file start.cif (mmCIF, C-alpha atoms)
data_query
loop_
_atom_site.label_atom_id
_atom_site.label_comp_id
_atom_site.auth_asym_id
_atom_site.auth_seq_id
_atom_site.Cartn_x
_atom_site.Cartn_y
_atom_site.Cartn_z
CA MET X 150 47.64 -24.99 -20.50
CA SER X 151 48.25 -23.72 -17.02
CA GLU X 152 47.94 -20.17 -18.29
CA GLU X 153 44.52 -20.91 -19.72
CA LYS X 154 43.32 -22.31 -16.43
CA GLU X 155 44.43 -19.23 -14.56
CA VAL X 156 42.46 -17.00 -16.88
CA SER X 157 39.27 -18.99 -16.46
CA GLU X 158 39.63 -19.01 -12.68
CA GLU X 159 40.13 -15.29 -12.67
CA GLU X 160 37.04 -14.79 -14.79
CA GLN X 161 34.82 -16.61 -12.37
CA PRO X 162 33.99 -14.86 -9.09
CA LEU X 163 35.39 -16.50 -5.98
CA VAL X 164 31.98 -17.03 -4.45
CA LEU X 165 30.79 -18.95 -7.50
CA GLN X 166 33.86 -21.18 -7.36
CA LYS X 167 33.24 -21.96 -3.72
CA LEU X 168 29.59 -22.73 -4.34
CA GLN X 169 30.46 -24.99 -7.25
CA ASP X 170 32.99 -26.86 -5.14
CA LYS X 171 30.62 -27.40 -2.27
CA PHE X 172 27.28 -27.79 -4.06
CA ALA X 173 28.36 -29.24 -7.39
CA ASP X 174 25.37 -31.57 -7.68
CA ALA X 175 22.78 -29.15 -6.36
CA LEU X 176 23.51 -26.22 -8.65
CA LEU X 177 21.29 -26.28 -11.73
CA ALA X 178 22.66 -23.13 -13.33
CA SER X 179 24.78 -20.10 -12.55
CA THR X 180 25.11 -16.77 -14.28
CA GLU X 181 27.01 -13.56 -13.81
CA ILE X 182 25.23 -10.29 -14.34
CA ARG X 183 27.22 -7.08 -13.95
CA GLN X 184 28.81 -7.27 -10.49
CA GLY X 185 26.35 -9.89 -9.25
CA VAL X 186 25.99 -13.62 -9.35
CA ALA X 187 22.82 -15.66 -9.76
CA VAL X 188 22.61 -19.35 -9.01
CA VAL X 189 19.76 -21.80 -9.40
CA VAL X 190 19.72 -24.49 -6.77
CA ASN X 191 17.38 -27.39 -6.18
CA LYS X 192 14.91 -27.31 -3.31
CA GLU X 193 16.59 -30.02 -1.26
CA ASN X 194 19.82 -28.06 -0.94
CA SER X 195 18.48 -24.51 -0.83
CA TYR X 196 18.59 -24.15 2.94
CA ALA X 197 22.12 -25.56 3.19
CA LEU X 198 23.33 -23.25 0.43
CA LEU X 199 21.77 -20.17 2.00
CA GLU X 200 23.19 -21.13 5.39
CA TYR X 201 26.62 -21.56 3.84
CA LEU X 202 26.36 -18.19 2.14
CA LYS X 203 25.38 -16.50 5.36
CA THR X 204 27.73 -18.10 7.86
CA ASP X 205 30.83 -18.89 5.79
CA LEU X 206 30.74 -16.36 2.97
CA ALA X 207 29.41 -13.39 4.97
CA TYR X 208 26.28 -12.79 2.90
CA SER X 209 24.61 -11.64 6.08
CA PHE X 210 22.05 -9.23 4.65
CA LEU X 211 18.85 -10.73 3.28
CA VAL X 212 17.55 -8.07 0.89
CA ASP X 213 14.40 -9.73 -0.37
CA ILE X 214 12.49 -12.95 -0.83
CA THR X 215 10.01 -13.14 -3.65
CA ALA X 216 8.83 -15.52 -6.33
CA VAL X 217 8.17 -15.60 -10.05
CA ASP X 218 5.30 -17.39 -11.75
CA ASN X 219 6.80 -18.79 -14.95
CA SER X 220 3.63 -20.54 -16.09
CA LYS X 221 3.42 -18.43 -19.24
CA LEU X 222 7.14 -18.45 -19.98
CA GLU X 223 7.78 -21.65 -21.89
CA SER X 224 11.55 -21.16 -22.17
CA GLU X 225 11.97 -20.94 -18.38
CA LEU X 226 9.62 -23.85 -17.76
CA MET X 227 11.53 -26.15 -20.09
CA GLN X 228 14.80 -25.35 -18.43
CA TYR X 229 13.76 -26.48 -14.96
CA ASP X 230 11.57 -29.55 -15.41
CA TYR X 231 8.35 -27.52 -15.73
CA ALA X 232 8.57 -26.07 -12.25
CA ARG X 233 5.94 -23.35 -12.25
CA PHE X 234 7.41 -21.12 -9.57
CA MET X 235 10.87 -19.77 -8.92
CA VAL X 236 11.51 -18.56 -5.39
CA VAL X 237 14.17 -15.85 -5.42
CA TYR X 238 16.42 -14.81 -2.55
CA HIS X 239 18.46 -11.63 -2.83
CA LEU X 240 21.53 -11.52 -0.60
CA TYR X 241 24.08 -8.80 0.01
CA THR X 242 27.50 -8.77 1.61
CA TYR X 243 29.59 -5.90 2.86
CA GLU X 244 32.81 -7.82 2.24
CA GLY X 245 34.37 -9.24 -0.89
CA GLU X 246 34.12 -8.29 -4.53
CA THR X 247 30.78 -9.84 -5.43
CA SER X 248 28.48 -7.87 -3.21
CA ARG X 249 25.16 -9.21 -4.51
CA ILE X 250 23.99 -12.74 -5.10
CA ARG X 251 20.63 -14.11 -6.17
CA VAL X 252 19.61 -17.61 -5.24
CA LYS X 253 16.74 -19.05 -7.27
CA VAL X 254 14.89 -22.21 -6.33
CA PRO X 255 12.44 -23.90 -8.73
CA VAL X 256 9.23 -25.02 -7.03
CA HIS X 257 6.65 -27.31 -8.61
CA GLU X 258 2.98 -26.51 -8.28
CA LYS X 259 2.14 -29.96 -6.93
CA ASP X 260 4.62 -29.58 -4.06
CA LEU X 261 4.73 -25.96 -2.92
CA LYS X 262 6.69 -26.63 0.25
CA ILE X 263 10.12 -25.08 0.64
CA PRO X 264 12.26 -24.76 3.81
CA SER X 265 11.81 -21.49 5.67
CA VAL X 266 14.92 -19.40 6.32
CA THR X 267 13.48 -17.60 9.36
CA GLN X 268 16.02 -19.52 11.45
CA LEU X 269 18.81 -17.77 9.53
CA TRP X 270 17.29 -14.31 9.14
CA LYS X 271 14.51 -13.02 11.36
CA GLY X 272 13.70 -10.54 8.61
CA ALA X 273 12.61 -13.43 6.43
CA ASN X 274 9.42 -13.72 8.45
CA TRP X 275 7.34 -11.08 6.69
CA LEU X 276 9.00 -11.63 3.32
CA GLU X 277 7.98 -15.27 3.39
CA ARG X 278 4.49 -14.36 4.49
CA GLU X 279 4.22 -11.97 1.55
CA THR X 280 5.46 -14.63 -0.86
CA TYR X 281 2.96 -17.07 0.60
CA ASP X 282 0.17 -14.52 0.29
CA MET X 283 0.94 -13.56 -3.29
CA PHE X 284 2.05 -16.91 -4.76
CA GLY X 285 0.98 -19.62 -2.32
CA ILE X 286 4.50 -20.89 -1.66
CA GLU X 287 4.42 -22.78 1.64
CA PHE X 288 7.49 -22.15 3.78
CA ASP X 289 8.13 -25.14 5.98
CA GLY X 290 9.08 -24.20 9.53
CA HIS X 291 7.75 -20.64 9.42
CA PRO X 292 6.46 -19.56 12.87
CA ASP X 293 3.24 -17.97 11.55
CA LEU X 294 2.55 -18.47 7.88
CA SER X 295 -0.56 -16.32 7.47
CA ARG X 296 -1.61 -13.70 4.95
CA ILE X 297 -0.01 -10.32 5.33
CA LEU X 298 -1.24 -8.02 2.52
CA THR X 299 -4.67 -9.31 1.60
CA PRO X 300 -7.54 -9.71 4.08
CA ASP X 301 -7.55 -12.85 6.23
CA ASP X 302 -10.44 -14.51 4.44
CA PHE X 303 -9.10 -13.78 0.96
CA GLU X 304 -9.11 -16.73 -1.39
CA GLY X 305 -6.44 -17.39 -3.99
CA HIS X 306 -3.00 -15.93 -4.58
CA PRO X 307 -3.25 -12.75 -6.65
CA LEU X 308 0.23 -12.54 -8.17
CA ARG X 309 -0.18 -15.86 -9.92
CA LYS X 310 -0.58 -15.37 -13.63
CA ASP X 311 -3.97 -17.09 -13.73
CA TYR X 312 -5.49 -14.70 -11.18
CA PRO X 313 -7.69 -12.14 -12.96
CA LEU X 314 -6.46 -8.57 -12.65
CA ARG X 315 -9.85 -7.22 -11.61
CA GLY X 316 -10.30 -10.01 -9.11
CA ARG X 317 -12.98 -12.65 -8.71
CA GLY X 318 -15.65 -10.31 -7.43
CA GLU X 319 -14.11 -9.63 -4.02
CA ARG X 320 -14.32 -5.88 -4.64
CA GLU X 321 -18.08 -6.13 -4.91
CA SER X 322 -18.87 -8.88 -2.43
CA PHE X 323 -16.50 -8.10 0.41
CA ASN X 324 -18.16 -8.11 3.82
CA PHE X 325 -16.85 -5.13 5.76
CA GLU X 326 -18.90 -5.76 8.87
CA LYS X 327 -17.16 -9.08 9.36
CA GLN X 328 -13.64 -7.67 9.39
CA ASN X 329 -11.78 -7.13 12.62
CA VAL X 330 -10.30 -3.67 12.64
CA MET B 131 -15.86 44.75 13.20
CA GLY B 132 -15.74 42.44 10.25
CA LEU B 133 -19.15 41.07 11.16
CA ALA B 134 -20.89 42.93 8.38
CA ASN B 135 -20.86 39.74 6.42
CA THR B 136 -23.32 39.07 3.66
CA ASP B 137 -23.27 35.39 4.65
CA ILE B 138 -24.98 35.97 7.98
CA GLN B 139 -26.86 39.23 7.55
CA SER B 140 -30.53 38.67 6.85
CA GLY B 141 -32.40 41.95 7.58
CA SER B 142 -31.59 45.19 5.80
CA SER B 143 -29.81 47.82 7.87
CA THR B 144 -31.24 51.31 8.13
CA GLU B 145 -29.24 54.50 8.16
CA GLN B 146 -29.45 54.63 11.94
CA THR B 147 -28.14 51.15 12.57
CA ASP B 148 -25.65 50.94 9.71
CA GLY B 149 -22.38 49.44 10.87
CA ASN B 150 -23.54 48.98 14.44
CA ILE B 151 -26.33 46.44 14.44
CA ILE B 152 -27.01 43.57 12.10
CA THR B 153 -30.00 41.33 12.19
CA THR B 154 -29.62 37.64 11.53
CA THR B 155 -30.79 34.18 12.59
CA ILE B 156 -29.10 31.82 15.01
CA ASP B 157 -28.70 29.18 12.29
CA LYS B 158 -26.80 31.55 10.09
CA VAL B 159 -24.41 32.52 12.87
CA VAL B 160 -23.84 28.89 13.82
CA ASN B 161 -23.21 27.90 10.21
CA TRP B 162 -20.93 30.88 9.74
CA GLY B 163 -18.87 29.84 12.73
CA ARG B 164 -18.89 26.21 11.74
CA LYS B 165 -17.74 26.74 8.19
CA ASN B 166 -14.79 28.84 9.25
CA SER B 167 -13.39 26.28 11.65
CA LEU B 168 -13.57 22.96 9.88
CA TRP B 169 -11.18 20.57 11.56
CA PRO B 170 -9.95 18.05 9.01
CA MET B 171 -9.17 14.43 9.73
CA PRO B 172 -6.52 13.56 7.14
CA PHE B 173 -6.60 10.06 5.73
CA GLY B 174 -3.60 10.17 3.45
CA THR B 175 -2.51 6.92 1.84
CA ALA B 176 -0.76 8.05 -1.34
CA CYS B 177 0.65 10.97 -3.31
CA CYS B 178 -2.53 13.00 -2.77
CA ALA B 179 -1.46 13.24 0.85
CA ILE B 180 1.69 15.03 -0.25
CA GLU B 181 -0.47 17.63 -1.99
CA MET B 182 -2.60 17.83 1.15
CA MET B 183 0.53 18.55 3.19
CA ALA B 184 1.50 21.22 0.68
CA THR B 185 -1.96 22.73 1.05
CA LEU B 186 -1.47 22.95 4.78
CA ALA B 187 2.04 24.36 4.56
CA SER B 188 2.90 28.03 4.33
CA LYS B 189 2.80 28.42 0.55
CA PHE B 190 -0.89 27.62 0.20
CA ASP B 191 -1.83 27.86 3.88
CA LEU B 192 -5.19 26.25 4.53
CA SER B 193 -5.41 28.25 7.76
CA ARG B 194 -6.61 31.17 5.62
CA PHE B 195 -9.83 29.17 5.41
CA GLY B 196 -9.88 28.17 9.06
CA SER B 197 -9.01 24.53 8.42
CA GLU B 198 -5.46 24.37 9.69
CA ALA B 199 -6.29 22.45 12.86
CA ILE B 200 -5.51 18.98 11.55
CA ARG B 201 -6.70 16.39 14.04
CA PHE B 202 -5.35 12.88 14.01
CA SER B 203 -8.18 11.77 16.23
CA PRO B 204 -11.49 11.34 14.40
CA ARG B 205 -13.33 12.25 17.60
CA GLN B 206 -12.09 15.83 17.34
CA SER B 207 -12.68 16.46 13.66
CA ASP B 208 -15.61 17.14 11.36
CA LEU B 209 -14.10 16.95 7.88
CA LEU B 210 -12.68 13.69 6.54
CA ILE B 211 -10.24 14.16 3.66
CA VAL B 212 -9.70 10.81 1.95
CA SER B 213 -6.55 11.40 -0.06
CA GLY B 214 -5.17 8.34 -1.75
CA ARG B 215 -6.07 4.86 -2.85
CA ILE B 216 -8.05 2.72 -0.43
CA SER B 217 -7.57 -1.04 -0.53
CA ILE B 218 -10.20 -3.54 0.46
CA LYS B 219 -8.20 -4.29 3.59
CA MET B 220 -7.98 -0.60 4.48
CA MET B 221 -11.66 0.16 3.94
CA PRO B 222 -12.96 -1.19 7.29
CA VAL B 223 -10.41 1.04 9.05
CA LEU B 224 -11.58 4.09 7.12
CA LYS B 225 -15.23 3.23 7.74
CA ARG B 226 -14.56 2.94 11.43
CA ILE B 227 -12.75 6.27 11.50
CA TYR B 228 -15.71 7.88 9.75
CA ASP B 229 -18.11 6.31 12.25
CA GLN B 230 -16.06 7.71 15.15
CA MET B 231 -16.34 11.29 13.92
CA PRO B 232 -19.04 13.32 15.69
CA GLU B 233 -21.96 14.76 13.69
CA PRO B 234 -22.18 16.86 11.65
CA LYS B 235 -19.35 15.60 9.44
CA TRP B 236 -18.33 16.10 5.86
CA VAL B 237 -16.25 13.95 3.52
CA ILE B 238 -13.96 15.10 0.74
CA SER B 239 -12.84 12.44 -1.71
CA MET B 240 -9.55 13.77 -2.97
CA GLY B 241 -8.13 12.63 -6.29
CA ALA B 242 -8.93 9.99 -8.88
CA CYS B 243 -8.04 6.97 -6.72
CA ALA B 244 -10.31 7.85 -3.82
CA SER B 245 -13.11 8.89 -6.15
CA CYS B 246 -13.14 6.00 -8.63
CA GLY B 247 -10.06 3.82 -8.16
CA GLY B 248 -8.03 5.81 -10.66
CA VAL B 249 -5.68 3.80 -12.81
CA PHE B 250 -5.71 0.98 -10.25
CA ASP B 251 -8.55 -1.11 -11.66
CA THR B 252 -7.34 -4.18 -9.75
CA TYR B 253 -8.59 -6.86 -7.41
CA THR B 254 -7.36 -5.10 -4.32
CA LEU B 255 -8.64 -1.56 -4.64
CA ILE B 256 -11.96 0.03 -3.73
CA GLN B 257 -13.33 1.61 -6.92
CA GLY B 258 -14.46 4.79 -5.22
CA VAL B 259 -14.92 5.36 -1.48
CA ASP B 260 -18.46 6.58 -2.17
CA GLN B 261 -19.47 2.93 -2.22
CA PHE B 262 -19.06 2.96 1.54
CA LEU B 263 -18.90 6.60 2.65
CA PRO B 264 -21.26 9.50 1.89
CA VAL B 265 -18.96 11.81 -0.06
CA ASP B 266 -19.87 15.51 -0.16
CA VAL B 267 -17.23 16.87 -2.51
CA TYR B 268 -15.11 15.05 -5.09
CA ILE B 269 -11.83 16.43 -6.37
CA PRO B 270 -10.62 15.27 -9.79
CA GLY B 271 -6.92 15.07 -10.57
CA CYS B 272 -3.98 12.73 -10.18
CA PRO B 273 -2.96 14.19 -7.86
CA PRO B 274 -5.01 17.38 -7.61
CA ARG B 275 -3.16 20.61 -7.02
CA PRO B 276 -3.43 22.32 -3.64
CA GLU B 277 -5.73 24.90 -5.20
CA ASP B 278 -8.16 22.09 -5.98
CA LEU B 279 -8.23 21.00 -2.34
CA ILE B 280 -8.76 24.61 -1.26
CA ASP B 281 -11.61 24.82 -3.73
CA ALA B 282 -13.13 21.66 -2.28
CA VAL B 283 -12.90 23.03 1.26
CA MET B 284 -14.58 26.23 0.05
CA GLN B 285 -17.27 24.12 -1.60
CA VAL B 286 -17.93 22.44 1.74
CA GLN B 287 -18.01 25.89 3.35
CA ARG B 288 -20.61 27.08 0.86
CA GLN B 289 -22.73 24.01 1.57
CA ILE B 290 -22.52 24.67 5.30
CA GLN B 291 -23.40 28.33 4.92
CA LYS B 292 -26.43 27.45 2.84
CA GLY B 293 -27.56 25.26 5.70
CA GLU B 294 -27.36 22.08 3.64
CA LEU B 295 -26.99 18.91 5.63
CA PRO B 296 -23.94 16.79 4.95
CA LYS B 297 -24.70 13.82 2.74
CA GLY B 298 -24.08 11.42 5.62
CA SER B 299 -26.65 13.15 7.80
CA GLU B 300 -29.32 13.13 5.12
CA VAL B 301 -28.99 9.40 4.95
CA ALA B 302 -29.21 9.12 8.71
CA TYR B 303 -32.28 11.37 9.04
CA ASN B 304 -34.14 9.65 6.24
CA GLU B 305 -33.83 6.26 7.85
#
call {"tool": "encode", "arguments": {"input": "start.cif", "output": "structure tokens"}}
result
Amino acid sequence: MSEEKEVSEEEQPLVLQKLQDKFADALLASTEIRQGVAVVVNKENSYALLEYLKTDLAYSFLVDITAVDNSKLESELMQYDYARFMVVYHLYTYEGETSRIRVKVPVHEKDLKIPSVTQLWKGANWLERETYDMFGIEFDGHPDLSRILTPDDFEGHPLRKDYPLRGRGERESFNFEKQNV
Amino acid sequence: MGLANTDIQSGSSTEQTDGNIITTTIDKVVNWGRKNSLWPMPFGTACCAIEMMATLASKFDLSRFGSEAIRFSPRQSDLLIVSGRISIKMMPVLKRIYDQMPEPKWVISMGACASCGGVFDTYTLIQGVDQFLPVDVYIPGCPPRPEDLIDAVMQVQRQIQKGELPKGSEVAYNE
């Protein structure tokens, strides 16, 4: 019996064990892919989990923040209470065996607010602005949540699946004289 | 002297004057000088710009055509080379750069993206800079080879030598 337990502990990466101990209720799912770990955490605990990863587990490097629109992926939707979006954080550490970890947070369309992590990583500023611009995720506590890739008066969020590829006529009707250069 | 150039010579030389005197017009001399010192303003936003750099480098050497003086200030250049895709957000910047260039000025639209949007038929991309700029010469290709860009510069040179106004000027004079 004890031998079996040892094997299962060895199989699971240390970081995943620590996260499961500390955030047992908040973790919705966890997977291992190659040398990395991916966890799905609920919105209420996402900031605490990311802070814990950064300060206590040395995941100091924020690689990327982005989102996924799962609205046309029924299997993903069913798994997480029909949350349309999944905000994804990619973290990296220079210490330990599991160098990469992905933190995924389901976000419902009716409540797009999610805590900003600009307090933890200054580099999150533009990444969150890009995610806001492309998906409309609203990062609570961001110092300047404005559009970054599309023009200031752009309407809609173009990486959402319901946004038409060729646009809604902005290519034809865009007013160039109005733009500040 | 290498001035015995068919581009600028207008009168026929006699036996007495052969090789010493050529007759011409002031326009032809001005155009001849102008075409051989086009100063390009590069507007490189994508892989076409890499080909443009290759054109300028020693292997293809655009200086053989007098266009090696790349200016990064539009106020000192008379040939705008739009090489790469132009997004809706970038277009006002490009338009302003074009407006800052002194007359007369020519525009080369280099590659599929600048000319018609290329494969990027999306919400964000201008489907051809000719919607907003008067383009004189288009270059097909994705990206075009340096020879294509050289050919386009020579096309502009031929237009200048013929005394044709740049497309932008024609618009301005007609108004």
call {"tool": "atom_distance", "arguments": {"input": "start.cif", "atom1": "atom CA of Met284 of chain B", "atom2": "atom CA of Phe190 of chain B"}}
result
13.8 Å
call {"tool": "closest_residue", "arguments": {"input": "start.cif", "among": "X:Ala175, X:Leu222, X:Ile297, X:Ile263", "to": "chain B", "atoms": "only C-alpha atoms"}}
result
X:Ile297
call {"tool": "resolve_selection", "arguments": {"input": "start.cif", "expression": "the PyMOL selection byres ((chain B and resi 267-274) around 9)", "output": "count of residues only"}}
result
29
call {"tool": "residues_around", "arguments": {"input": "start.cif", "residues": "Ile200 of chain B", "least_positions_apart": "2", "cutoff": "6 Å", "atoms": "all atoms listed in the file", "output": "PDB file with C-alpha atoms, in the frame of the given file"}}
result
ATOM      1  CA  TRP B 169     -11.180  20.570  11.560  1.00  0.00           C
ATOM      2  CA  PRO B 170      -9.950  18.050   9.010  1.00  0.00           C
ATOM      3  CA  GLU B 198      -5.460  24.370   9.690  1.00  0.00           C
TER       4      GLU B 198
END
call {"tool": "atom_distance", "arguments": {"input": "start.cif", "atom1": "atom CA of Ala197 of chain X", "atom2": "atom CA of His291 of chain X"}}
result
16.4 Å
call {"tool": "resolve_selection", "arguments": {"input": "start.cif", "expression": "the PyMOL selection byres ((chain X and resi 278) around 12)", "output": "PDB file with C-alpha atoms, keeping the file's coordinate frame"}}
result
ATOM      1  CA  ASP X 213      14.400  -9.730  -0.370  1.00  0.00           C
ATOM      2  CA  ILE X 214      12.490 -12.950  -0.830  1.00  0.00           C
ATOM      3  CA  THR X 215      10.010 -13.140  -3.650  1.00  0.00           C
ATOM      4  CA  ALA X 216       8.830 -15.520  -6.330  1.00  0.00           C
ATOM      5  CA  SER X 265      11.810 -21.490   5.670  1.00  0.00           C
ATOM      6  CA  VAL X 266      14.920 -19.400   6.320  1.00  0.00           C
ATOM      7  CA  THR X 267      13.480 -17.600   9.360  1.00  0.00           C
ATOM      8  CA  GLY X 272      13.700 -10.540   8.610  1.00  0.00           C
ATOM      9  CA  ALA X 273      12.610 -13.430   6.430  1.00  0.00           C
ATOM     10  CA  ASN X 274       9.420 -13.720   8.450  1.00  0.00           C
ATOM     11  CA  TRP X 275       7.340 -11.080   6.690  1.00  0.00           C
ATOM     12  CA  LEU X 276       9.000 -11.630   3.320  1.00  0.00           C
ATOM     13  CA  GLU X 277       7.980 -15.270   3.390  1.00  0.00           C
ATOM     14  CA  GLU X 279       4.220 -11.970   1.550  1.00  0.00           C
ATOM     15  CA  THR X 280       5.460 -14.630  -0.860  1.00  0.00           C
ATOM     16  CA  TYR X 281       2.960 -17.070   0.600  1.00  0.00           C
ATOM     17  CA  ASP X 282       0.170 -14.520   0.290  1.00  0.00           C
ATOM     18  CA  MET X 283       0.940 -13.560  -3.290  1.00  0.00           C
ATOM     19  CA  PHE X 284       2.050 -16.910  -4.760  1.00  0.00           C
ATOM     20  CA  GLY X 285       0.980 -19.620  -2.320  1.00  0.00           C
ATOM     21  CA  ILE X 286       4.500 -20.890  -1.660  1.00  0.00           C
ATOM     22  CA  GLU X 287       4.420 -22.780   1.640  1.00  0.00           C
ATOM     23  CA  PHE X 288       7.490 -22.150   3.780  1.00  0.00           C
ATOM     24  CA  ASP X 289       8.130 -25.140   5.980  1.00  0.00           C
ATOM     25  CA  GLY X 290       9.080 -24.200   9.530  1.00  0.00           C
ATOM     26  CA  HIS X 291       7.750 -20.640   9.420  1.00  0.00           C
ATOM     27  CA  PRO X 292       6.460 -19.560  12.870  1.00  0.00           C
ATOM     28  CA  ASP X 293       3.240 -17.970  11.550  1.00  0.00           C
ATOM     29  CA  LEU X 294       2.550 -18.470   7.880  1.00  0.00           C
ATOM     30  CA  SER X 295      -0.560 -16.320   7.470  1.00  0.00           C
ATOM     31  CA  ARG X 296      -1.610 -13.700   4.950  1.00  0.00           C
ATOM     32  CA  ILE X 297      -0.010 -10.320   5.330  1.00  0.00           C
ATOM     33  CA  LEU X 298      -1.240  -8.020   2.520  1.00  0.00           C
ATOM     34  CA  THR X 299      -4.670  -9.310   1.600  1.00  0.00           C
ATOM     35  CA  HIS X 306      -3.000 -15.930  -4.580  1.00  0.00           C
TER      36      HIS X 306
END
call {"tool": "residues_around", "arguments": {"input": "start.cif", "residues": "segment 238-243 of chain X", "least_positions_apart": "2", "cutoff": "8 Å", "atoms": "all atoms listed in the file", "output": "ChimeraX atom specification"}}
result
/X:207-215,236,245,247-253
call {"tool": "atom_distance", "arguments": {"input": "start.cif", "atom1": "atom CA of Val259 of chain B", "atom2": "atom CA of Arg194 of chain B"}}
result
28.0 Å
call {"tool": "closest_residue", "arguments": {"input": "start.cif", "among": "X:Leu314, X:Leu163, X:Leu168, X:Leu226", "to": "chain B", "atoms": "all atoms listed in the file"}}
result
X:Leu314
call {"tool": "interface_residues", "arguments": {"input": "start.cif", "of": "chain B", "to": "chain X", "cutoff": "6 Å", "atoms": "only C-alpha atoms", "output": "list in words"}}
result
Lys219, Pro222, Val223, Thr252 and Tyr253 of chain B
call {"tool": "resolve_selection", "arguments": {"input": "start.cif", "expression": "the PyMOL selection byres ((chain B and resi 296) around 9)", "output": "list in words"}}
result
Pro234, Lys235, Trp236, Val237, Pro264, Val265, Asp266, Val286, Gln289, Ile290, Glu294, Leu295, Lys297, Gly298, Ser299, Glu300 and Val301 of chain B
call {"tool": "write_last_selection", "arguments": {"input": "start.cif", "atoms": "C-alpha atoms", "output": "mmCIF file, in the coordinates of the input"}}
result
data_model
loop_
_atom_site.group_PDB
_atom_site.id
_atom_site.type_symbol
_atom_site.label_atom_id
_atom_site.label_comp_id
_atom_site.auth_asym_id
_atom_site.auth_seq_id
_atom_site.Cartn_x
_atom_site.Cartn_y
_atom_site.Cartn_z
ATOM 1 C CA PRO B 234 -22.180 16.860 11.650
ATOM 2 C CA LYS B 235 -19.350 15.600 9.440
ATOM 3 C CA TRP B 236 -18.330 16.100 5.860
ATOM 4 C CA VAL B 237 -16.250 13.950 3.520
ATOM 5 C CA PRO B 264 -21.260 9.500 1.890
ATOM 6 C CA VAL B 265 -18.960 11.810 -0.060
ATOM 7 C CA ASP B 266 -19.870 15.510 -0.160
ATOM 8 C CA VAL B 286 -17.930 22.440 1.740
ATOM 9 C CA GLN B 289 -22.730 24.010 1.570
ATOM 10 C CA ILE B 290 -22.520 24.670 5.300
ATOM 11 C CA GLU B 294 -27.360 22.080 3.640
ATOM 12 C CA LEU B 295 -26.990 18.910 5.630
ATOM 13 C CA LYS B 297 -24.700 13.820 2.740
ATOM 14 C CA GLY B 298 -24.080 11.420 5.620
ATOM 15 C CA SER B 299 -26.650 13.150 7.800
ATOM 16 C CA GLU B 300 -29.320 13.130 5.120
ATOM 17 C CA VAL B 301 -28.990 9.400 4.950
#
call {"tool": "residues_around", "arguments": {"input": "start.cif", "residues": "Asp157 of chain B", "least_positions_apart": "3", "cutoff": "12 Å", "atoms": "all atoms listed in the file", "output": "PyMOL selection string"}}
result
chain B and resi 137-140+154+160-165+290-294
call {"tool": "closest_residue", "arguments": {"input": "start.cif", "among": "B:Leu210, B:Leu255, B:Ile280, B:Ile227", "to": "Met171 of chain B", "atoms": "only C-alpha atoms"}}
result
B:Leu210
call {"tool": "closest_residue", "arguments": {"input": "start.cif", "among": "X:Pro162, X:Leu269, X:Arg309, X:Glu304", "to": "Arg183 of chain X", "atoms": "all atoms listed in the file"}}
result
X:Pro162
call {"tool": "residues_around", "arguments": {"input": "start.cif", "residues": "Lys259 of chain X", "least_positions_apart": "2", "cutoff": "10 Å", "atoms": "all atoms listed in the file", "output": "list in words"}}
result
Ala232, Arg233, Val256, His257, Leu261 and Lys262 of chain X
